[in-house]
Each structure stands twice: as structure tokens, then as C-alpha cells.
Amino acid sequence: MRVSESAVAQAARRRGLELLKVETLKDETARAAIAAAAGDVMVVAAFGLIVPEPVLAIPPRGCLNIHASLLPRWRGAAPIQRALLAGDEATGITIMRMDAGLDTGPMLLRRPLAIGARDTAGTLAASLASLGARCIVEALASLDRLVPEPQDGALATYAGKVDKAEAGIDWSRTNVEVDRQIRAFDPVPGARTRVDDEALKIWAARPESPSGAPGRILEAGDAGIVVACGEGALRITCLQRAGGKRLEAAAFLHGYPLRAGQSLESLPEPGSAGVS
């Protein structure tokens, strides 16, 4: 819970590199500092802000973005979470030349990455970060030989920002859908449910075949807490009470007993407004 510098800032300081922190790129001071660096090309990675056209025009060889999807699928802010929620079997890295649109520029390099059956947003982000680092080095080294490929807008999908309200679990969904939700929202914001007015976050589960009324606890023991879904069930193996720590099911049940027959509450969510 302490404010700390990003890994990029820490690395820059260790290497004695000039570091500029900005809240906006619309400020003339920020633009002047970027221009003064006199770089041939600018690389943008997980910046989180729209880069205005006057800034895009500064580097003579353009601005390259490291995007965590295989464009044009999942343009936007949350491509990792949206790929998991959609049940995609693969994602990847796209190195694109930035233009005025949102992730609409021509693609220079694309590298796929399989999504594992138990991948979470956290594990997938780490894998993509490693792949993205290799890809941008490759792209910069071969910039003269890369041929820009226009994106097919007809194939584009949009990955809107994750809204905390989306993390509410609806137990009437299939076990596969709820499992995707749990993995997509780990580590943030965490998939949420309630039991007896107690807020819970579910961090790990796996689909199983038993059935019952959605949300009903079918089994609770050291091997996990089996909860019925609209189709099938989930065996919850890691969860957390409000204000508590993540605990394996066995440790959680020692401090907060749950029993077969209790029901976990479905929480409202805004539907799929963040995805198109």
C-alpha cells in the first residue's frame, strides 16, 4: 500500500537514463522534452493515454506501439482480460505503427501466444510482456525491412476498460463462463460473490460436472468448495474474505466454515457493455 515508481522508472534510474513523467502529452513542455530527445523512433508500451497527433509526428521514423493482442482483434485498453473472458485459445503481440486512431495503425510484426487452460490475466500479462520485449527489439533491428500491413477494420473487436462491476459472479452462467471470469479478473479486480452478507473474492477454481441450483454449495472440504452453476459446477480452491488474505480452501474453511446447502449470491453486473 505504498506509492512506488514503476519498473520502467526504476530501470531508467539504475541506468542513468533521463526520465520524464507526464500526466498529459497535450502540454507543450512535455512535447518539447520529447522533441529534444531527438529519437529516430518512439516506442509506446502500456501508456494508458491517447498520444496526440503532434507528438506522433515528432520522431522521423514514427511511433511504434507494443499491443497485447493479435490486431485487429481486441483493440483498446483491456485486451488480455477480454481474450480470457471470450475463451480465446490464443492471443499474441502486435507491433504497430501508431496513427490517430485507437490501435488502428498498420501492423509491422505479429507473434502468436497460446492461452493456457489455467492462465489468469496475471500469468498471461507476464508471458506477453516477455514476448513483447523480444518483439520490439526484433522490430527495431529490422525496421527497414518490415512491410506495414493495414488492419482489416471489418475484423476489429474492441476491448473496453474493465469495470469493477463486471467482477460480480452470476452463478446462473455455465461453469466454463464463471471460470473464465475468475481467471480474467485475477489479479484485479477479483471475481466477487457473497455468502450470508459476507463479501468474498474467488481467486482460483476449476470446472467440474456435478449439478444443482445455481450458487448452491454442493461440497465443502479440504479439496475445495464445490458450487453449482447454471451448467455444471466449480470447485473453488482459493478465496478471500473482505479485509483478509488469499487462502487455500482448506485454510479458509478452518476460519470461516461453509457447508453443503448454503448458497453463494449472484451479484449484478453490467453485461457486455465493455466488449464489442
# chains A, B, ... in the order shown; residues from 1 in each chain; ligands from 1

call {"tool": "residues_around", "arguments": {"residues": "range 98-115 of chain A", "least_positions_apart": "5", "cutoff": "7 Å", "atoms": "only C-alpha atoms", "output": "list in words"}}
result
Glu53, Cys63, Leu64, Asn65, Leu70, Arg75, Gly76, Glu89, Ala90, Thr91, Gly92, Ile93, Ala139, Leu146, Val147, Pro148, Glu149, Pro150 and Gln151 of chain A

call {"tool": "write_last_selection", "arguments": {"atoms": "C-alpha atoms", "output": "compact mmCIF listing (two decimals), in the first residue's frame"}}
result
# COMPACT_ATOMS: atom_id res chain seq x y z
CA GLU A 53 -1.03 13.67 -33.46
CA CYS A 63 5.88 5.80 -33.17
CA LEU A 64 5.62 2.06 -32.51
CA ASN A 65 3.17 0.52 -30.07
CA LEU A 70 -3.25 -10.05 -32.42
CA ARG A 75 -8.15 -3.06 -29.87
CA GLY A 76 -8.33 -0.98 -26.72
CA GLU A 89 -7.41 -20.11 -27.46
CA ALA A 90 -4.61 -17.76 -28.49
CA THR A 91 -3.55 -14.14 -28.28
CA GLY A 92 -0.19 -12.53 -29.01
CA ILE A 93 1.78 -9.37 -29.59
CA ALA A 139 11.14 -4.83 -34.92
CA LEU A 146 9.33 -4.63 -42.24
CA VAL A 147 6.39 -4.03 -44.56
CA PRO A 148 3.42 -2.27 -42.91
CA GLU A 149 0.20 -4.29 -43.21
CA PRO A 150 -3.10 -2.38 -42.98
CA GLN A 151 -5.61 -3.74 -40.48

call {"tool": "select_by_dssp", "arguments": {"residues": "range 47-198 of chain A", "states": "helix (DSSP H, G or I)", "output": "VMD selection string"}}
result
chain A and resid 53 to 56 79 to 86 121 to 141 153 to 155 164 to 167 175 to 184

call {"tool": "write_last_selection", "arguments": {"atoms": "C-alpha atoms", "output": "compact mmCIF listing (two decimals), in the first residue's frame"}}
result
# COMPACT_ATOMS: atom_id res chain seq x y z
CA GLU A 53 -1.03 13.67 -33.46
CA PRO A 54 1.55 16.45 -32.87
CA VAL A 55 3.51 14.02 -30.67
CA LEU A 56 3.14 11.16 -33.18
CA PRO A 79 -7.09 -6.99 -24.48
CA ILE A 80 -5.80 -9.60 -22.02
CA GLN A 81 -8.95 -9.70 -19.90
CA ARG A 82 -11.25 -9.67 -22.93
CA ALA A 83 -9.40 -12.54 -24.58
CA LEU A 84 -9.80 -14.64 -21.43
CA LEU A 85 -13.46 -13.73 -20.99
CA ALA A 86 -14.18 -14.65 -24.61
CA ALA A 121 -4.74 -12.16 -16.51
CA GLY A 122 -1.63 -12.02 -14.35
CA THR A 123 0.16 -15.02 -15.82
CA LEU A 124 -0.83 -14.10 -19.36
CA ALA A 125 0.33 -10.50 -18.90
CA ALA A 126 3.73 -11.75 -17.74
CA SER A 127 4.08 -14.04 -20.76
CA LEU A 128 3.01 -11.28 -23.14
CA ALA A 129 5.38 -8.78 -21.54
CA SER A 130 8.30 -11.13 -22.18
CA LEU A 131 7.16 -11.79 -25.75
CA GLY A 132 6.53 -8.08 -26.35
CA ALA A 133 10.05 -7.19 -25.21
CA ARG A 134 11.53 -9.64 -27.70
CA CYS A 135 9.24 -8.44 -30.47
CA ILE A 136 10.07 -4.74 -30.12
CA VAL A 137 13.80 -5.48 -30.17
CA GLU A 138 13.27 -7.55 -33.32
CA ALA A 139 11.14 -4.83 -34.92
CA LEU A 140 13.62 -2.05 -34.21
CA ALA A 141 16.50 -4.13 -35.53
CA GLY A 153 -11.42 -2.97 -39.82
CA ALA A 154 -14.21 -5.48 -40.53
CA LEU A 155 -12.45 -7.96 -38.22
CA LYS A 164 -15.20 -3.32 -11.27
CA ALA A 165 -18.91 -4.11 -11.52
CA GLU A 166 -18.13 -6.76 -14.16
CA ALA A 167 -16.43 -8.84 -11.48
CA ASN A 175 -19.16 -23.21 -15.05
CA VAL A 176 -16.91 -22.51 -18.05
CA GLU A 177 -18.04 -18.88 -18.22
CA VAL A 178 -17.61 -18.27 -14.50
CA ASP A 179 -14.17 -19.92 -14.60
CA ARG A 180 -13.14 -17.53 -17.38
CA GLN A 181 -14.38 -14.60 -15.32
CA ILE A 182 -12.37 -15.67 -12.27
CA ARG A 183 -9.19 -16.02 -14.33
CA ALA A 184 -9.74 -12.80 -16.29

call {"tool": "residues_around", "arguments": {"residues": "Val41 in chain A", "least_positions_apart": "5", "cutoff": "6 Å", "atoms": "only C-alpha atoms", "output": "list in words"}}
result
Pro59, Arg61, Gly62 and Cys63 of chain A

call {"tool": "write_last_selection", "arguments": {"atoms": "N, CA and C atoms", "output": "compact mmCIF listing (two decimals), in the first residue's frame"}}
result
# COMPACT_ATOMS: atom_id res chain seq x y z
N PRO A 59 8.91 11.93 -33.96
CA PRO A 59 10.01 11.06 -34.40
C PRO A 59 9.99 10.90 -35.91
N ARG A 61 10.89 8.56 -37.78
CA ARG A 61 10.56 7.20 -38.24
C ARG A 61 9.30 6.67 -37.55
N GLY A 62 8.57 7.56 -36.93
CA GLY A 62 7.27 7.20 -36.40
C GLY A 62 7.27 6.69 -34.98
N CYS A 63 6.09 6.32 -34.52
CA CYS A 63 5.88 5.80 -33.17
C CYS A 63 5.38 4.36 -33.26

call {"tool": "atom_distance", "arguments": {"atom1": "CA of Arg173 in chain A", "atom2": "CA of Ile225 in chain A"}}
result
17.5 Å

call {"tool": "atom_distance", "arguments": {"atom1": "CA of Thr29 in chain A", "atom2": "CA of Val43 in chain A"}}
result
19.3 Å

call {"tool": "atom_distance", "arguments": {"atom1": "CA of Glu198 in chain A", "atom2": "CA of Gly244 in chain A"}}
result
11.7 Å

call {"tool": "select_by_dssp", "arguments": {"residues": "range 132-195 of chain A", "states": "strand (DSSP E)", "output": "PyMOL selection string"}}
result
chain A and resi 158-159+191-195

call {"tool": "residues_around", "arguments": {"residues": "range 210-215 of chain A", "least_positions_apart": "6", "cutoff": "7 Å", "atoms": "only C-alpha atoms", "output": "tab-separated table (two decimals) with C-alpha atoms, in the first residue's frame"}}
result
chain	number	residue	atom	x	y	z
A	171	TRP	CA	-23.91	-18.33	-10.76
A	172	SER	CA	-26.64	-18.96	-13.35
A	227	VAL	CA	-20.57	-24.63	-6.13
A	228	ALA	CA	-23.28	-25.36	-8.68
A	229	CYS	CA	-23.56	-23.13	-11.75
A	230	GLY	CA	-26.23	-22.80	-14.42
A	231	GLU	CA	-24.44	-25.69	-16.09
A	232	GLY	CA	-22.00	-27.88	-14.18
A	233	ALA	CA	-20.15	-26.69	-11.11
A	263	SER	CA	-25.83	-20.61	-1.32
A	264	LEU	CA	-23.45	-18.06	-2.77
A	265	GLU	CA	-25.16	-14.93	-4.02

call {"tool": "closest_residue", "arguments": {"among": "A:Ala37, A:Tyr256, A:Ala250, A:Ile95", "to": "Asp196 in chain A", "atoms": "only C-alpha atoms"}}
result
A:Tyr256

call {"tool": "residues_around", "arguments": {"residues": "Arg194 in chain A", "least_positions_apart": "3", "cutoff": "12 Å", "atoms": "only C-alpha atoms", "output": "list of chain:residue names"}}
result
A:Gly168, A:Ile169, A:Asp170, A:Trp171, A:Ala191, A:Asp197, A:Glu198, A:Ala199, A:Leu200, A:Lys201, A:Ile202, A:Gly215, A:Arg216, A:Leu239, A:Gln240, A:Arg241, A:Ala242, A:Gln262, A:Ser263, A:Leu264, A:Glu265, A:Ser266, A:Leu267, A:Pro268

call {"tool": "residues_around", "arguments": {"residues": "Lys21 in chain A", "least_positions_apart": "4", "cutoff": "12 Å", "atoms": "only C-alpha atoms", "output": "list in words"}}
result
Glu5, Ser6, Val8, Ala9, Ala12, Leu25, Asp27, Thr29, Ala30, Arg31, Ala33, Ile34 and Phe47 of chain A
